[in-house]
$ cat work_1.csv   # CSV, C-alpha atoms and all ligand atoms
chain,number,residue,atom,x,y,z
N,1,MET,CA,-101.2,-176.9,4.2
N,2,THR,CA,-104.7,-177.2,2.8
N,3,ASP,CA,-106.6,-174.1,1.6
N,4,LEU,CA,-108.9,-172.1,3.9
N,5,ARG,CA,-112.3,-173.0,2.5
N,6,ILE,CA,-114.4,-169.8,2.7
N,7,ALA,CA,-118.1,-169.0,2.2
N,8,ILE,CA,-119.2,-165.5,1.5
N,9,VAL,CA,-122.3,-164.4,3.4
N,10,GLY,CA,-124.3,-161.5,1.9
N,11,PHE,CA,-123.5,-161.3,-1.7
N,12,GLY,CA,-124.0,-157.6,-2.5
N,13,LYS,CA,-121.8,-154.8,-4.0
N,14,ILE,CA,-118.6,-155.3,-2.0
N,15,ALA,CA,-118.7,-159.1,-2.3
N,16,ARG,CA,-119.1,-158.9,-6.0
N,17,ASP,CA,-116.6,-155.9,-6.6
N,18,GLN,CA,-113.8,-157.1,-4.3
N,19,HIS,CA,-114.2,-160.3,-2.3
N,20,VAL,CA,-114.6,-162.8,-5.1
N,21,GLY,CA,-111.5,-161.6,-7.0
N,22,ALA,CA,-109.4,-161.2,-3.9
N,23,ILE,CA,-110.1,-164.7,-2.7
N,24,ALA,CA,-109.2,-166.1,-6.1
N,25,ALA,CA,-105.9,-164.2,-6.0
N,26,THR,CA,-105.0,-165.2,-2.5
N,27,PRO,CA,-102.7,-168.3,-2.1
N,28,GLY,CA,-104.2,-170.6,0.5
N,29,ALA,CA,-107.8,-169.4,0.1
N,30,THR,CA,-110.7,-170.9,-1.9
N,31,LEU,CA,-114.3,-169.7,-2.2
N,32,VAL,CA,-116.5,-172.7,-1.8
N,33,ALA,CA,-120.1,-171.4,-1.2
N,34,VAL,CA,-122.3,-168.4,-1.1
N,35,ALA,CA,-125.1,-167.7,1.5
N,36,SER,CA,-127.3,-164.8,0.4
N,37,ARG,CA,-131.1,-164.5,0.3
N,38,ASN,CA,-131.3,-163.5,-3.3
N,39,ALA,CA,-127.9,-163.5,-5.0
N,40,SER,CA,-125.7,-166.4,-6.0
N,41,LEU,CA,-122.7,-167.3,-8.1
N,42,PRO,CA,-122.8,-169.7,-11.0
N,43,ASP,CA,-121.1,-173.1,-10.3
N,44,LEU,CA,-121.0,-172.5,-6.5
N,45,PRO,CA,-123.3,-174.0,-3.9
N,46,HIS,CA,-125.9,-171.4,-2.8
N,47,PHE,CA,-127.8,-171.1,0.4
N,48,ALA,CA,-130.4,-168.5,1.4
N,49,THR,CA,-129.1,-168.2,5.0
N,50,ILE,CA,-126.0,-168.8,7.1
N,51,GLU,CA,-128.0,-171.4,9.1
N,52,ASP,CA,-128.7,-173.4,5.9
N,53,LEU,CA,-125.1,-173.0,4.8
N,54,LEU,CA,-123.8,-174.3,8.2
N,55,GLU,CA,-126.3,-177.2,8.3
N,56,LYS,CA,-126.5,-178.4,4.7
N,57,GLY,CA,-123.5,-176.8,2.9
N,58,PRO,CA,-120.2,-178.2,1.9
N,59,ALA,CA,-117.3,-178.4,4.4
N,60,ILE,CA,-116.0,-174.9,5.1
N,61,ASP,CA,-113.4,-173.4,7.5
N,62,ALA,CA,-114.4,-169.8,7.4
N,63,VAL,CA,-117.1,-167.3,6.5
N,64,SER,CA,-116.6,-163.8,5.2
N,65,LEU,CA,-119.5,-161.6,6.4
N,66,CYS,CA,-120.4,-159.0,3.7
N,67,THR,CA,-123.9,-158.3,4.9
N,68,PRO,CA,-124.9,-154.9,6.4
N,69,PRO,CA,-123.7,-154.4,9.9
N,70,GLN,CA,-127.1,-154.7,11.5
N,71,VAL,CA,-127.3,-158.5,10.9
N,72,ARG,CA,-123.6,-159.5,11.3
N,73,ARG,CA,-123.4,-160.2,15.1
N,74,GLY,CA,-125.9,-163.0,14.9
N,75,GLN,CA,-124.2,-164.4,11.8
N,76,ALA,CA,-120.8,-164.2,13.5
N,77,VAL,CA,-122.2,-166.1,16.6
N,78,ALA,CA,-123.6,-168.8,14.4
N,79,ALA,CA,-120.4,-169.3,12.5
N,80,LEU,CA,-118.1,-169.2,15.6
N,81,ALA,CA,-120.4,-171.7,17.3
N,82,ALA,CA,-120.0,-174.0,14.3
N,83,GLY,CA,-116.2,-173.8,14.7
N,84,LYS,CA,-115.6,-171.4,11.7
N,85,HIS,CA,-113.2,-168.5,11.4
N,86,VAL,CA,-115.0,-165.2,10.8
N,87,MET,CA,-114.0,-162.2,8.7
N,88,LEU,CA,-116.1,-159.1,9.3
N,89,GLU,CA,-116.5,-156.4,6.7
N,90,LYS,CA,-116.2,-152.9,8.2
N,91,PRO,CA,-117.7,-151.5,10.4
N,92,PRO,CA,-117.3,-154.5,12.7
N,93,GLY,CA,-120.7,-153.9,14.4
N,94,ILE,CA,-123.6,-151.5,15.1
N,95,GLY,CA,-122.2,-150.7,18.5
N,96,VAL,CA,-118.9,-151.0,20.2
N,97,ALA,CA,-119.9,-153.2,23.2
N,98,GLU,CA,-121.3,-156.0,21.0
N,99,LEU,CA,-117.8,-156.9,19.9
N,100,ASP,CA,-116.6,-157.8,23.4
N,101,PRO,CA,-118.5,-161.1,23.7
N,102,LEU,CA,-117.6,-162.0,20.1
N,103,ILE,CA,-113.9,-161.5,20.8
N,104,ALA,CA,-114.2,-163.6,24.0
N,105,MET,CA,-116.2,-166.3,22.1
N,106,ALA,CA,-113.6,-166.5,19.3
N,107,ALA,CA,-110.7,-166.7,21.9
N,108,GLY,CA,-112.5,-169.4,23.8
N,109,LEU,CA,-113.0,-171.5,20.7
N,110,LYS,CA,-109.6,-170.7,19.3
N,111,ARG,CA,-111.1,-169.4,16.1
N,112,THR,CA,-110.1,-166.2,14.3
N,113,LEU,CA,-112.3,-163.1,14.4
N,114,PHE,CA,-110.9,-160.6,11.9
N,115,ALA,CA,-112.5,-157.1,11.9
N,116,THR,CA,-111.3,-155.7,8.6
N,117,TRP,CA,-110.3,-152.1,7.9
N,118,HIS,CA,-109.7,-152.4,4.2
N,119,SER,CA,-108.5,-148.7,3.8
N,120,ARG,CA,-105.6,-149.4,6.2
N,121,TYR,CA,-104.2,-151.7,3.5
N,122,ALA,CA,-104.3,-149.0,0.8
N,123,PRO,CA,-100.8,-148.8,-0.7
N,124,ALA,CA,-99.8,-145.3,0.5
N,125,VAL,CA,-100.9,-145.7,4.1
N,126,GLU,CA,-97.7,-147.4,5.4
N,127,PRO,CA,-95.4,-144.9,3.6
N,128,ALA,CA,-97.4,-142.1,5.1
N,129,ARG,CA,-97.1,-143.5,8.6
N,130,GLU,CA,-93.4,-143.9,8.2
N,131,TRP,CA,-93.0,-140.4,6.8
N,132,LEU,CA,-95.0,-138.9,9.7
N,133,ALA,CA,-93.1,-140.9,12.4
N,134,THR,CA,-90.1,-138.6,12.1
N,135,ARG,CA,-91.9,-135.3,11.9
N,136,ARG,CA,-93.8,-133.0,14.3
N,137,ILE,CA,-97.5,-132.9,13.2
N,138,LEU,CA,-99.1,-129.5,13.4
N,139,SER,CA,-102.6,-130.2,12.1
N,140,VAL,CA,-104.7,-132.7,10.2
N,141,HIS,CA,-107.6,-132.2,7.8
N,142,ILE,CA,-109.9,-135.0,6.4
N,143,ASN,CA,-112.0,-134.2,3.4
N,144,TRP,CA,-114.1,-137.3,2.6
N,145,LYS,CA,-116.9,-136.5,0.2
N,146,GLU,CA,-118.7,-138.8,-2.1
N,147,ASP,CA,-122.0,-139.2,-4.0
N,148,VAL,CA,-124.1,-141.7,-2.1
N,149,ARG,CA,-126.2,-142.4,-5.2
N,150,VAL,CA,-123.2,-143.5,-7.1
N,151,TRP,CA,-121.5,-145.6,-4.4
N,152,HIS,CA,-124.4,-146.9,-2.4
N,153,PRO,CA,-127.3,-147.3,-4.8
N,154,GLY,CA,-130.5,-148.6,-3.2
N,155,GLN,CA,-128.8,-149.5,0.1
N,156,ALA,CA,-131.7,-148.7,2.4
N,157,TRP,CA,-129.8,-150.2,5.4
N,158,ILE,CA,-127.3,-147.4,5.4
N,159,TRP,CA,-130.0,-144.9,6.5
N,160,GLU,CA,-131.4,-147.2,9.2
N,161,PRO,CA,-130.2,-147.2,12.9
N,162,GLY,CA,-126.8,-148.8,12.9
N,163,GLY,CA,-126.3,-148.1,9.2
N,164,LEU,CA,-123.9,-145.2,10.0
N,165,GLY,CA,-125.0,-143.0,7.0
N,166,VAL,CA,-122.0,-140.9,5.9
N,167,PHE,CA,-119.8,-142.6,8.5
N,168,ASP,CA,-120.0,-145.8,6.5
N,169,PRO,CA,-117.3,-144.3,4.2
N,170,GLY,CA,-116.1,-141.8,6.8
N,171,ILE,CA,-115.0,-144.6,9.1
N,172,ASN,CA,-112.5,-145.6,6.5
N,173,ALA,CA,-110.9,-142.2,6.8
N,174,LEU,CA,-110.8,-142.7,10.6
N,175,SER,CA,-109.2,-146.1,10.2
N,176,ILE,CA,-106.4,-144.5,8.2
N,177,LEU,CA,-106.1,-141.6,10.6
N,178,THR,CA,-105.7,-143.8,13.6
N,179,ARG,CA,-103.1,-145.9,11.7
N,180,ILE,CA,-100.8,-143.0,10.5
N,181,LEU,CA,-100.8,-141.0,13.8
N,182,SER,CA,-98.6,-142.3,16.6
N,183,LYS,CA,-100.8,-140.8,19.4
N,184,PRO,CA,-104.4,-141.6,20.2
N,185,VAL,CA,-107.0,-139.0,19.1
N,186,PHE,CA,-110.5,-138.4,20.5
N,187,VAL,CA,-113.6,-136.4,19.3
N,188,THR,CA,-114.1,-133.1,21.0
N,189,ALA,CA,-117.1,-131.8,19.0
N,190,ALA,CA,-119.3,-132.9,16.1
N,191,GLU,CA,-122.1,-131.7,14.0
N,192,LEU,CA,-124.3,-134.3,12.3
N,193,ALA,CA,-126.8,-133.5,9.5
N,194,PHE,CA,-129.7,-135.9,9.4
N,195,PRO,CA,-132.1,-135.9,6.5
N,196,ALA,CA,-135.6,-135.4,7.9
N,197,ASN,CA,-136.6,-138.9,6.7
N,198,CYS,CA,-133.5,-140.9,7.8
N,199,GLN,CA,-132.0,-142.4,11.0
N,200,ALA,CA,-128.4,-141.8,10.0
N,201,PRO,CA,-126.5,-138.7,9.0
N,202,ILE,CA,-125.9,-137.6,5.4
N,203,ALA,CA,-123.0,-135.3,6.4
N,204,ALA,CA,-120.8,-134.7,9.5
N,205,LYS,CA,-118.2,-132.3,10.7
N,206,LEU,CA,-115.8,-133.5,13.5
N,207,LEU,CA,-113.2,-131.9,15.6
N,208,LEU,CA,-110.7,-134.2,17.2
N,209,ALA,CA,-107.5,-133.7,19.2
N,210,ASP,CA,-104.8,-135.6,21.0
N,211,LEU,CA,-103.6,-134.9,24.5
N,212,ASP,CA,-101.1,-132.3,23.2
N,213,GLY,CA,-103.9,-130.4,21.5
N,214,LEU,CA,-103.2,-131.5,17.9
N,215,PRO,CA,-106.1,-130.0,15.8
N,216,VAL,CA,-107.8,-132.6,13.6
N,217,THR,CA,-110.8,-131.6,11.5
N,218,ALA,CA,-112.9,-133.9,9.4
N,219,GLU,CA,-115.7,-133.2,6.9
N,220,PHE,CA,-117.8,-136.1,5.6
N,221,ASP,CA,-120.5,-135.6,3.0
N,222,PHE,CA,-122.6,-138.0,1.0
N,223,ARG,CA,-124.0,-135.2,-1.2
N,224,GLN,CA,-120.9,-134.6,-3.3
N,225,THR,CA,-121.5,-134.6,-7.0
N,226,GLY,CA,-118.7,-134.0,-9.6
N,227,PRO,CA,-115.1,-134.7,-8.3
N,228,GLN,CA,-115.1,-137.1,-5.3
N,229,SER,CA,-112.6,-136.6,-2.5
N,230,TRP,CA,-111.1,-139.1,-0.1
N,231,ASP,CA,-108.2,-137.0,1.1
N,232,ILE,CA,-106.2,-136.6,4.4
N,233,SER,CA,-103.8,-133.6,4.6
N,234,VAL,CA,-101.3,-133.4,7.3
N,235,GLU,CA,-99.2,-130.2,8.1
N,236,THR,CA,-95.9,-130.9,9.7
N,237,ASP,CA,-92.8,-129.0,10.7
N,238,ARG,CA,-91.2,-130.2,7.5
N,239,GLY,CA,-93.8,-130.1,4.8
N,240,GLN,CA,-97.3,-131.0,4.0
N,241,MET,CA,-98.3,-134.6,3.3
N,242,THR,CA,-101.5,-135.5,1.5
N,243,LEU,CA,-103.0,-138.9,1.2
N,244,SER,CA,-105.5,-139.0,-1.6
N,245,GLY,CA,-107.7,-141.5,-3.4
N,246,GLY,CA,-108.6,-143.2,-0.1
N,247,GLY,CA,-104.9,-143.9,0.8
N,248,ARG,CA,-103.8,-144.9,-2.7
N,249,ARG,CA,-101.6,-141.8,-3.4
N,250,MET,CA,-99.2,-139.8,-1.2
N,251,SER,CA,-97.8,-136.4,-2.1
N,252,ILE,CA,-95.4,-134.2,-0.2
N,253,ASP,CA,-95.8,-130.4,-0.8
N,254,GLY,CA,-97.9,-131.2,-3.9
N,255,LYS,CA,-95.4,-133.6,-5.4
N,256,GLU,CA,-96.5,-137.2,-5.8
N,257,VAL,CA,-94.1,-139.6,-4.1
N,258,ALA,CA,-96.0,-142.9,-3.9
N,259,GLU,CA,-98.7,-144.6,-5.9
N,260,ALA,CA,-99.4,-148.3,-6.2
N,261,PRO,CA,-102.2,-150.6,-7.5
N,262,ASP,CA,-105.1,-151.2,-5.1
N,263,GLU,CA,-104.6,-154.6,-3.5
N,264,GLU,CA,-106.5,-153.8,-0.3
N,265,TYR,CA,-108.7,-156.9,-0.4
N,266,ARG,CA,-105.9,-159.2,-1.4
N,267,GLU,CA,-104.0,-158.0,1.7
N,268,LEU,CA,-107.1,-158.6,3.8
N,269,TYR,CA,-107.4,-162.2,2.7
N,270,ARG,CA,-103.6,-162.8,3.0
N,271,ARG,CA,-104.0,-161.6,6.6
N,272,PHE,CA,-107.1,-163.7,7.2
N,273,VAL,CA,-105.3,-166.9,6.0
N,274,GLU,CA,-102.3,-166.0,8.2
N,275,LEU,CA,-104.5,-165.4,11.3
N,276,SER,CA,-106.5,-168.6,10.8
N,277,VAL,CA,-103.4,-170.8,11.0
N,278,THR,CA,-103.3,-170.2,14.7
N,279,GLY,CA,-106.9,-169.0,15.3
N,280,ALA,CA,-105.6,-165.6,16.5
N,281,SER,CA,-108.0,-162.6,16.2
N,282,ASP,CA,-107.4,-159.1,15.0
N,283,VAL,CA,-110.1,-156.7,16.2
N,284,ASP,CA,-109.3,-153.0,16.5
N,285,LEU,CA,-112.3,-151.0,17.7
N,286,VAL,CA,-110.7,-147.6,17.7
N,287,PRO,CA,-112.3,-146.2,14.5
N,288,LEU,CA,-115.8,-147.4,15.6
N,289,ARG,CA,-115.3,-145.8,19.0
N,290,LEU,CA,-114.6,-142.5,17.3
N,291,VAL,CA,-117.8,-142.7,15.3
N,292,ALA,CA,-119.7,-143.8,18.5
N,293,ASP,CA,-118.3,-140.7,20.3
N,294,ALA,CA,-119.4,-138.5,17.4
N,295,PHE,CA,-122.9,-139.8,17.9
N,296,LEU,CA,-122.6,-139.2,21.6
N,297,LEU,CA,-121.3,-135.7,21.3
N,298,GLY,CA,-122.8,-134.6,18.1
N,299,LYS,CA,-125.0,-131.6,17.7
N,300,ARG,CA,-127.8,-132.7,15.4
N,301,ILE,CA,-129.3,-130.7,12.6
N,302,ILE,CA,-132.1,-131.7,10.3
N,303,VAL,CA,-131.7,-131.2,6.6
N,304,GLU,CA,-133.9,-131.9,3.6
N,305,PRO,CA,-135.2,-135.5,3.2
N,306,PHE,CA,-133.1,-137.9,1.1
N,307,VAL,CA,-134.7,-139.6,-1.9
N,308,ASP,CA,-132.5,-142.3,-3.5
N,401,LIG,P1,-125.0,-154.3,-0.2
N,401,LIG,O1,-124.7,-154.1,-1.7
N,401,LIG,O2,-126.3,-153.9,0.3
N,401,LIG,O3,-124.8,-155.9,0.0
N,401,LIG,C1,-125.1,-156.5,1.2
N,401,LIG,C2,-125.9,-157.8,0.9
N,401,LIG,O4,-126.2,-158.4,2.1
N,401,LIG,C3,-127.2,-157.5,0.1
N,401,LIG,O5,-127.0,-157.5,-1.3
N,401,LIG,C4,-128.1,-158.7,0.6
N,401,LIG,O6,-128.0,-159.8,-0.3
N,401,LIG,C5,-127.5,-159.0,1.9
N,401,LIG,N1,-128.4,-158.4,3.0
N,401,LIG,C6,-129.0,-157.2,3.0
N,401,LIG,N2,-129.7,-157.0,4.1
N,401,LIG,C7,-129.7,-158.2,4.7
N,401,LIG,C8,-130.4,-158.7,5.9
N,401,LIG,N3,-131.2,-157.9,6.6
N,401,LIG,N4,-130.2,-160.0,6.3
N,401,LIG,C9,-129.3,-160.8,5.5
N,401,LIG,N5,-128.7,-160.4,4.4
N,401,LIG,C10,-128.9,-159.1,4.0
N,401,LIG,O7,-123.9,-153.6,0.7
N,401,LIG,P2,-122.3,-153.5,0.4
N,401,LIG,O8,-122.0,-152.2,-0.2
N,401,LIG,O9,-121.8,-154.8,-0.2
N,401,LIG,O10,-121.8,-153.4,1.9
N,401,LIG,C11,-121.8,-154.5,2.8
N,401,LIG,C12,-120.8,-154.2,3.9
N,401,LIG,O11,-119.5,-154.0,3.2
N,401,LIG,C13,-121.1,-152.9,4.6
N,401,LIG,O12,-120.8,-153.0,6.0
N,401,LIG,C14,-120.2,-151.9,4.0
N,401,LIG,O13,-119.7,-150.9,4.9
N,401,LIG,C15,-119.0,-152.8,3.6
N,401,LIG,N6,-118.2,-152.2,2.5
N,401,LIG,C16,-118.8,-151.7,1.4
N,401,LIG,C17,-118.0,-151.1,0.4
N,401,LIG,C18,-118.7,-150.6,-0.9
N,401,LIG,O14,-117.9,-149.9,-1.7
N,401,LIG,N7,-119.9,-150.9,-1.2
N,401,LIG,C19,-116.7,-151.0,0.5
N,401,LIG,C20,-116.1,-151.6,1.6
N,401,LIG,C21,-116.9,-152.1,2.6
N,401,LIG,P3,-129.3,-160.7,-0.4
N,401,LIG,O15,-130.4,-159.9,-0.8
N,401,LIG,O16,-128.9,-161.7,-1.5
N,401,LIG,O17,-129.4,-161.4,0.9
$ encode --input "work_1.csv" --output "structure tokens"
Amino acid sequence: MTDLRIAIVGFGKIARDQHVGAIAATPGATLVAVASRNASLPDLPHFATIEDLLEKGPAIDAVSLCTPPQVRRGQAVAALAAGKHVMLEKPPGIGVAELDPLIAMAAGLKRTLFATWHSRYAPAVEPAREWLATRRILSVHINWKEDVRVWHPGQAWIWEPGGLGVFDPGINALSILTRILSKPVFVTAAELAFPANCQAPIAAKLLLADLDGLPVTAEFDFRQTGPQSWDISVETDRGQMTLSGGGRRMSIDGKEVAEAPDEEYRELYRRFVELSVTGASDVDLVPLRLVADAFLLGKRIIVEPFVD
């Protein structure tokens, strides 16, 4: 089988930090070009736009869209129309409904549309899911607090409509939550804190539940300095399980039981290569729907302006 020839579109922080290395480490995948308005990689063909890439670039089989979510739908349509498989960074879109025609288009063309949730591939997520499957869950608390200036420096798009603000990392927690719980949850109340000069929240508190009334609380905050937290704690009838480090570590009643190196992005590319063999798609919109519902239901408070 020949390698899946991939072009990265939108060469920013995540492309540089994760995608390049993950593609290099994935059997069956090769990075062959970059399309980004300003950034490029030495020794690789570079194009300013996806249109230029598709028209003038080397032969490719797939694109990995690492641009901000506001511009990805148009890029996905262009790539699918040109017969390419498409990997979408998270979140898969700026709205839920815009994914439906993309899914249908990919299916009609027998091309892969892969909406990635990298945090679901964190090493302790599957062990946590298995541990919880045999227990009665009493409550869940998500504590997802990070310093936006450290993790998203200069990313103006995150504060624009569709940028999600604090839900940009918060949706990772929801992607893990909806993987480790066996029953669907839904948002029952939310409070969203918008800086006076921004179109997206800097902090949010969510209440969620399942049909049995399981209480799930979530706190997301972009203003965290000092220690950062990406933790999910689950009380069960037989002990407390905590996933920390964004799903990298699992502890039971305070004792660490699982930790493994972070190979989230290698797993994403392994899956992308696997899907592309048959042109199957993998698009789960549940985490995005929860965020959309938080915006629908959320009480809005205005807080002090954010200056990067
Ligand atoms: P980023 O650093 O801003 O990189 C995105 C790149 O896309 C920019 O450097 C820019 O490159 C290009 N771009 C920006 N606006 C564009 C526009 N209007 N049209 C076309 N291209 C544009 O953002 P990022 O952190 O890499 O995040 C990108 C996506 O990955 C987001 O959806 C984010 O949620 C996801 N993600 C990020 C992280 C993380 O830790 N940062 C982790 C996981 C997932 P040019 O100027 O060269 O065009």
$ closest_residue --input "work_1.csv" --among "N:Val140, N:Val32, N:Leu4, N:Ala173" --to "ligand LIG 401 (chain N)" --atoms "only C-alpha atoms and all ligand atoms"
N:Ala173
$ closest_residue --input "work_1.csv" --among "N:Ile171, N:Leu132, N:Ile202, N:Ala193" --to "ligand LIG 401 (chain N)" --atoms "only C-alpha atoms and all ligand atoms"
N:Ile171
$ residues_near_ligand --input "work_1.csv" --ligand "ligand LIG 401 (chain N)" --cutoff "8 Å" --atoms "only C-alpha atoms and all ligand atoms" --output "PyMOL selection string"
chain N and resi 9-17+35-40+48-49+65-71+89-92+118+151-157+168-169
$ closest_atom_pairs --input "work_1.csv" --of "region 126-218 of chain N" --to "region 240-261 of chain N" --cutoff "8 Å" --atoms "all atoms listed in the file" --output "Markdown table"
| residue | atom | partner | partner_atom | distance |
| --- | --- | --- | --- | --- |
| N:Pro127 | CA | N:Ala258 | CA | 7.8 |
| N:Ala128 | CA | N:Met250 | CA | 6.9 |
| N:Ala173 | CA | N:Gly246 | CA | 7.3 |
| N:Ile176 | CA | N:Gly247 | CA | 7.6 |
$ atom_distance --input "work_1.csv" --atom1 "CA of Asp262 (chain N)" --atom2 "CA of Arg238 (chain N)"
28.2 Å
$ atom_distance --input "work_1.csv" --atom1 "CA of Arg266 (chain N)" --atom2 "CA of Ile6 (chain N)"
14.2 Å
$ closest_residue --input "work_1.csv" --among "N:Asp221, N:Asp52, N:Glu267, N:Asp237" --to "Trp117 (chain N)" --atoms "only C-alpha atoms"
N:Glu267
$ atom_distance --input "work_1.csv" --atom1 "CA of His85 (chain N)" --atom2 "CA of Ser276 (chain N)"
6.7 Å
$ closest_residue --input "work_1.csv" --among "N:Val148, N:Ala280, N:Ala133, N:Val286" --to "Gln228 (chain N)" --atoms "only C-alpha atoms"
N:Val148
$ closest_residue --input "work_1.csv" --among "N:Leu290, N:Met1, N:Val283, N:Leu208" --to "Ala107 (chain N)" --atoms "all atoms listed in the file"
N:Val283
$ residues_around --input "work_1.csv" --residues "Val303 (chain N)" --least-positions-apart "3" --cutoff "12 Å" --atoms "all atoms listed in the file" --output "PyMOL selection string"
chain N and resi 192-198+200-204+223+300+306
$ closest_residue --input "work_1.csv" --among "N:His46, N:Lys299, N:Arg149, N:Lys84" --to "Gly279 (chain N)" --atoms "all atoms listed in the file"
N:Lys84
$ residues_around --input "work_1.csv" --residues "Ala29 (chain N)" --least-positions-apart "3" --cutoff "8 Å" --atoms "all atoms listed in the file" --output "VMD selection string"
chain N and resid 3 to 6 23 to 24 26 269 273
$ write_last_selection --input "work_1.csv" --atoms "C-alpha atoms" --output "compact mmCIF listing (two decimals), in the frame of the given file"
# COMPACT_ATOMS: atom_id res chain seq x y z
CA ASP N 3 -106.60 -174.10 1.60
CA LEU N 4 -108.90 -172.10 3.90
CA ARG N 5 -112.30 -173.00 2.50
CA ILE N 6 -114.40 -169.80 2.70
CA ILE N 23 -110.10 -164.70 -2.70
CA ALA N 24 -109.20 -166.10 -6.10
CA THR N 26 -105.00 -165.20 -2.50
CA TYR N 269 -107.40 -162.20 2.70
CA VAL N 273 -105.30 -166.90 6.00
